[in-house]
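Each remark here refers to the structure printed beneath this line.
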Amino acid sequence: MSKHLFSHWDHVSRRLRSGPALFLFDFDGTLAPIAKDPARARLAPDVKASLSRLSHRAGFRVGVVSGRALREVRRKVALPGLILSGNHGLEISGLGEKFIHPLARAQAARLKRLAAVLRKDVSSFPGVIVEWKGVSISVHYRRLRPASARAFQKFFRHWVRQRAGSLTIRPGKKVFDILPVADWNKGSAVRRILRRLKPRTALYVGDDRTDWDAFRALRPGNLSVSIGPIVAPGAQYRLKNTREMGALLRRMERL
């Protein structure tokens, strides 16, 4: 079972100070509270300031690994010099290149057409948002009436079988992601970043099932932190919520 991070901070902080360190964070539910309308999610000013100060420290690299499109991550974070990964690892910037998974690029036109069809097909479920993200689709149903959630999930599973059977469906918190590549995820992006930077220590913090792949991708000696009440497989430590995430960033600034 994971341990509360602050109860073991002396040990963790020594690890983070032991050499060049890489800090990677999920966005929604980690750096920013989850919003019913994804477009309204925002970094708190103090969180943004902490990320900026950490990214300017010698020996530290900071990154955000998100399910959002890379362009959205860049707009939401709005800080230079960070490593950014979007679309569950299908896009990465900040490593001296702009990486887009070639199979995702090849499927983009098909997915865009599917997003347009799905947007029409979910019109009978007010509150469902179909988001086209350049190389993937997110279907948000957080704003859907709770009484309609079960019917929507049944509809969506049927729609996928009929329209998108060859694609990968990844469930998250009140969201389904439709992805073009089955064997690529946030963990794949983390492994690519680790190979390029070769930090002595890496820390990953996330709150959703999609972050579990990132936890598993970390090397022995790296640190994984899950946010929220669910004990995430592979997470060594936990934090309660995004408020504690803000407190973690303040502690990291004092390393």
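In the structure tokens, chains take the letters A, B, ... in the order shown, each chain's residues start at 1, and ligands count up from 1 in the order shown.
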
Find the residues around Thr242 in chain A up to 8 Å (only C-alpha atoms counted), leave out those fewer than 3 positions away in its own chain, and share them as a PyMOL selection string. chain A and resi 29-33+227+245-246

Residue subset to file, keeping N, CA, C and O atoms, as a PDB file, in the first residue's frame:
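Result file is part21.pdb:
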```pdb
ATOM      1  N   GLY A  29      -6.576  17.253 -12.321  1.00  0.00           N
ATOM      2  CA  GLY A  29      -6.662  16.434 -11.125  1.00  0.00           C
ATOM      3  C   GLY A  29      -5.363  16.338 -10.363  1.00  0.00           C
ATOM      4  O   GLY A  29      -5.307  15.729  -9.296  1.00  0.00           O
ATOM      5  N   THR A  30      -4.308  16.943 -10.909  1.00  0.00           N
ATOM      6  CA  THR A  30      -2.994  16.918 -10.257  1.00  0.00           C
ATOM      7  C   THR A  30      -2.494  18.350 -10.059  1.00  0.00           C
ATOM      8  O   THR A  30      -2.499  18.861  -8.947  1.00  0.00           O
ATOM      9  N   LEU A  31      -2.086  18.989 -11.135  1.00  0.00           N
ATOM     10  CA  LEU A  31      -1.681  20.390 -11.022  1.00  0.00           C
ATOM     11  C   LEU A  31      -2.885  21.321 -10.928  1.00  0.00           C
ATOM     12  O   LEU A  31      -2.813  22.385 -10.302  1.00  0.00           O
ATOM     13  N   ALA A  32      -3.989  20.944 -11.560  1.00  0.00           N
ATOM     14  CA  ALA A  32      -5.206  21.765 -11.560  1.00  0.00           C
ATOM     15  C   ALA A  32      -6.392  20.899 -11.156  1.00  0.00           C
ATOM     16  O   ALA A  32      -6.464  19.731 -11.549  1.00  0.00           O
ATOM     17  N   PRO A  33      -7.335  21.450 -10.384  1.00  0.00           N
ATOM     18  CA  PRO A  33      -8.539  20.686 -10.057  1.00  0.00           C
ATOM     19  C   PRO A  33      -9.318  20.343 -11.314  1.00  0.00           C
ATOM     20  O   PRO A  33      -9.333  21.107 -12.279  1.00  0.00           O
ATOM     21  N   ILE A 227      -2.487  10.844  -6.555  1.00  0.00           N
ATOM     22  CA  ILE A 227      -3.342  11.812  -5.865  1.00  0.00           C
ATOM     23  C   ILE A 227      -4.764  11.271  -5.804  1.00  0.00           C
ATOM     24  O   ILE A 227      -5.303  10.814  -6.819  1.00  0.00           O
ATOM     25  N   MET A 245      -0.993  18.796  -3.464  1.00  0.00           N
ATOM     26  CA  MET A 245      -0.049  18.928  -4.579  1.00  0.00           C
ATOM     27  C   MET A 245       0.630  20.297  -4.534  1.00  0.00           C
ATOM     28  O   MET A 245       1.849  20.407  -4.736  1.00  0.00           O
ATOM     29  N   GLY A 246      -0.145  21.344  -4.281  1.00  0.00           N
ATOM     30  CA  GLY A 246       0.444  22.676  -4.156  1.00  0.00           C
ATOM     31  C   GLY A 246       1.447  22.737  -3.021  1.00  0.00           C
ATOM     32  O   GLY A 246       2.521  23.355  -3.150  1.00  0.00           O
TER      33      GLY A 246
END
```

Helix (DSSP H, G or I) positions in range 12-226 of chain A, given as an MDAnalysis selection string: chainID A and resid 12:16 38:40 45:55 70:77 87:89 102:121 146:163 186:197 209:217

Might you pull out every residue within 12 Å of Val139 in chain A, with only C-alpha atoms counted and same-chain residues fewer than 4 positions away left off, and present them as a PyMOL selection string? chain A and resi 37-38+67-68+114-116+118-119+121-122+125+127-133+143-144+152-153+156+160+169-179

Shell around Leu84 in chain A at 10 Å using only C-alpha atoms, local window under 5 positions removed, as a PyMOL selection string: chain A and resi 24-25+62-66+70-71+73-74+77+89+91-95+98+189

Restricting it to all heavy atoms, dump the selection as a compact mmCIF listing (two decimals), in the first residue's frame.
```
# COMPACT_ATOMS: atom_id res chain seq x y z
N LEU A 24 7.87 15.19 -13.26
CA LEU A 24 6.80 15.10 -14.25
C LEU A 24 5.45 15.06 -13.53
O LEU A 24 5.28 14.30 -12.56
CB LEU A 24 6.96 13.85 -15.12
CG LEU A 24 8.22 13.77 -15.97
CD1 LEU A 24 8.32 12.41 -16.65
CD2 LEU A 24 8.26 14.90 -17.00
N PHE A 25 4.50 15.84 -14.05
CA PHE A 25 3.19 15.95 -13.43
C PHE A 25 2.09 15.80 -14.47
O PHE A 25 2.19 16.34 -15.58
CB PHE A 25 3.02 17.33 -12.75
CG PHE A 25 4.14 17.69 -11.82
CD1 PHE A 25 5.14 18.57 -12.22
CD2 PHE A 25 4.19 17.16 -10.54
CE1 PHE A 25 6.17 18.92 -11.36
CE2 PHE A 25 5.22 17.51 -9.67
CZ PHE A 25 6.21 18.39 -10.08
N VAL A 62 11.52 20.03 -15.48
CA VAL A 62 10.10 19.93 -15.11
C VAL A 62 9.29 19.66 -16.37
O VAL A 62 9.56 20.23 -17.43
CB VAL A 62 9.62 21.24 -14.43
CG1 VAL A 62 8.13 21.16 -14.12
CG2 VAL A 62 10.42 21.51 -13.17
N GLY A 63 8.30 18.78 -16.24
CA GLY A 63 7.45 18.49 -17.38
C GLY A 63 6.02 18.21 -16.97
O GLY A 63 5.73 17.91 -15.81
N VAL A 64 5.12 18.31 -17.94
CA VAL A 64 3.70 18.01 -17.76
C VAL A 64 3.32 16.96 -18.78
O VAL A 64 3.56 17.13 -19.99
CB VAL A 64 2.83 19.27 -17.92
CG1 VAL A 64 1.34 18.93 -17.76
CG2 VAL A 64 3.24 20.34 -16.91
N VAL A 65 2.72 15.87 -18.31
CA VAL A 65 2.31 14.75 -19.16
C VAL A 65 0.80 14.63 -19.04
O VAL A 65 0.29 14.28 -17.97
CB VAL A 65 3.00 13.44 -18.75
CG1 VAL A 65 2.56 12.29 -19.65
CG2 VAL A 65 4.52 13.60 -18.79
N SER A 66 0.08 14.91 -20.12
CA SER A 66 -1.38 15.07 -20.03
C SER A 66 -2.09 14.30 -21.13
O SER A 66 -1.52 13.97 -22.17
CB SER A 66 -1.72 16.57 -20.14
OG SER A 66 -3.12 16.77 -20.20
N LEU A 70 -1.43 18.57 -27.08
CA LEU A 70 -0.22 19.30 -26.73
C LEU A 70 -0.44 20.81 -26.80
O LEU A 70 0.04 21.55 -25.93
CB LEU A 70 0.93 18.89 -27.67
CG LEU A 70 2.28 19.54 -27.39
CD1 LEU A 70 2.79 19.19 -26.00
CD2 LEU A 70 3.29 19.10 -28.45
N ARG A 71 -1.17 21.27 -27.82
CA ARG A 71 -1.40 22.72 -27.92
C ARG A 71 -2.17 23.24 -26.71
O ARG A 71 -1.95 24.37 -26.25
CB ARG A 71 -2.17 23.03 -29.21
CG ARG A 71 -3.55 22.39 -29.31
CD ARG A 71 -4.27 22.76 -30.59
NE ARG A 71 -5.61 22.20 -30.66
CZ ARG A 71 -5.90 21.00 -31.13
NH1 ARG A 71 -4.91 20.24 -31.61
NH2 ARG A 71 -7.14 20.55 -31.14
N VAL A 73 -2.09 21.81 -23.61
CA VAL A 73 -1.17 21.77 -22.48
C VAL A 73 -0.29 23.01 -22.49
O VAL A 73 -0.11 23.68 -21.47
CB VAL A 73 -0.30 20.50 -22.51
CG1 VAL A 73 0.63 20.46 -21.30
CG2 VAL A 73 -1.16 19.25 -22.55
N ARG A 74 0.22 23.34 -23.67
CA ARG A 74 1.08 24.50 -23.79
C ARG A 74 0.34 25.79 -23.40
O ARG A 74 0.88 26.65 -22.70
CB ARG A 74 1.62 24.62 -25.22
CG ARG A 74 2.64 25.74 -25.41
CD ARG A 74 3.19 25.74 -26.81
NE ARG A 74 4.05 24.59 -27.06
CZ ARG A 74 3.79 23.61 -27.90
NH1 ARG A 74 2.66 23.62 -28.61
NH2 ARG A 74 4.61 22.60 -28.06
N VAL A 77 -0.47 25.69 -19.45
CA VAL A 77 0.70 25.84 -18.59
C VAL A 77 1.38 27.18 -18.83
O VAL A 77 1.75 27.90 -17.90
CB VAL A 77 1.67 24.67 -18.80
CG1 VAL A 77 2.95 24.87 -17.98
CG2 VAL A 77 1.00 23.35 -18.42
N GLY A 89 0.79 10.87 -24.42
CA GLY A 89 2.13 10.50 -24.87
C GLY A 89 2.33 10.50 -26.36
O GLY A 89 3.46 10.33 -26.82
N GLU A 91 2.22 12.98 -28.31
CA GLU A 91 2.94 14.20 -28.69
C GLU A 91 3.90 14.57 -27.55
O GLU A 91 3.53 14.49 -26.38
CB GLU A 91 1.98 15.37 -28.89
CG GLU A 91 0.88 15.14 -29.92
CD GLU A 91 -0.09 16.29 -29.94
OE1 GLU A 91 -0.85 16.44 -28.95
OE2 GLU A 91 -0.09 17.06 -30.92
N ILE A 92 5.10 15.00 -27.90
CA ILE A 92 6.08 15.43 -26.91
C ILE A 92 6.86 16.61 -27.47
O ILE A 92 7.29 16.58 -28.63
CB ILE A 92 7.08 14.32 -26.53
CG1 ILE A 92 6.36 13.03 -26.10
CG2 ILE A 92 8.02 14.79 -25.41
CD1 ILE A 92 7.29 11.85 -25.90
N SER A 93 7.07 17.63 -26.65
CA SER A 93 7.96 18.74 -27.03
C SER A 93 8.86 19.07 -25.85
O SER A 93 8.59 18.69 -24.72
CB SER A 93 7.14 19.97 -27.43
OG SER A 93 6.51 20.55 -26.31
N GLY A 94 9.94 19.78 -26.13
CA GLY A 94 10.86 20.20 -25.08
C GLY A 94 12.10 19.35 -24.97
O GLY A 94 12.93 19.56 -24.09
N LEU A 95 12.26 18.38 -25.88
CA LEU A 95 13.45 17.54 -25.88
C LEU A 95 14.32 17.83 -27.11
O LEU A 95 15.10 16.99 -27.54
CB LEU A 95 13.05 16.06 -25.88
CG LEU A 95 12.30 15.55 -24.66
CD1 LEU A 95 11.86 14.10 -24.86
CD2 LEU A 95 13.16 15.68 -23.40
N LYS A 98 9.94 18.08 -31.94
CA LYS A 98 8.49 17.99 -31.79
C LYS A 98 8.10 16.59 -32.24
O LYS A 98 8.09 16.29 -33.43
CB LYS A 98 7.79 19.06 -32.64
CG LYS A 98 6.28 18.89 -32.76
CD LYS A 98 5.56 19.29 -31.50
CE LYS A 98 4.04 19.08 -31.66
NZ LYS A 98 3.44 19.98 -32.67
N ALA A 189 5.66 7.74 -23.16
CA ALA A 189 6.26 9.08 -23.18
C ALA A 189 7.29 9.23 -22.07
O ALA A 189 8.38 9.78 -22.29
CB ALA A 189 5.17 10.14 -23.04
```

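When only C-alpha atoms are used to compute distances to His56 in chain A, the closest of the residues A:Val190, A:Ala108, A:Arg75, A:Glu253 turns out to be A:Glu253.
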
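Counting only C-alpha atoms and comparing A:Ser138, A:Ser124, A:Ser188, A:Thr201, the residue that lies closest to Lys112 in chain A is A:Ser138.
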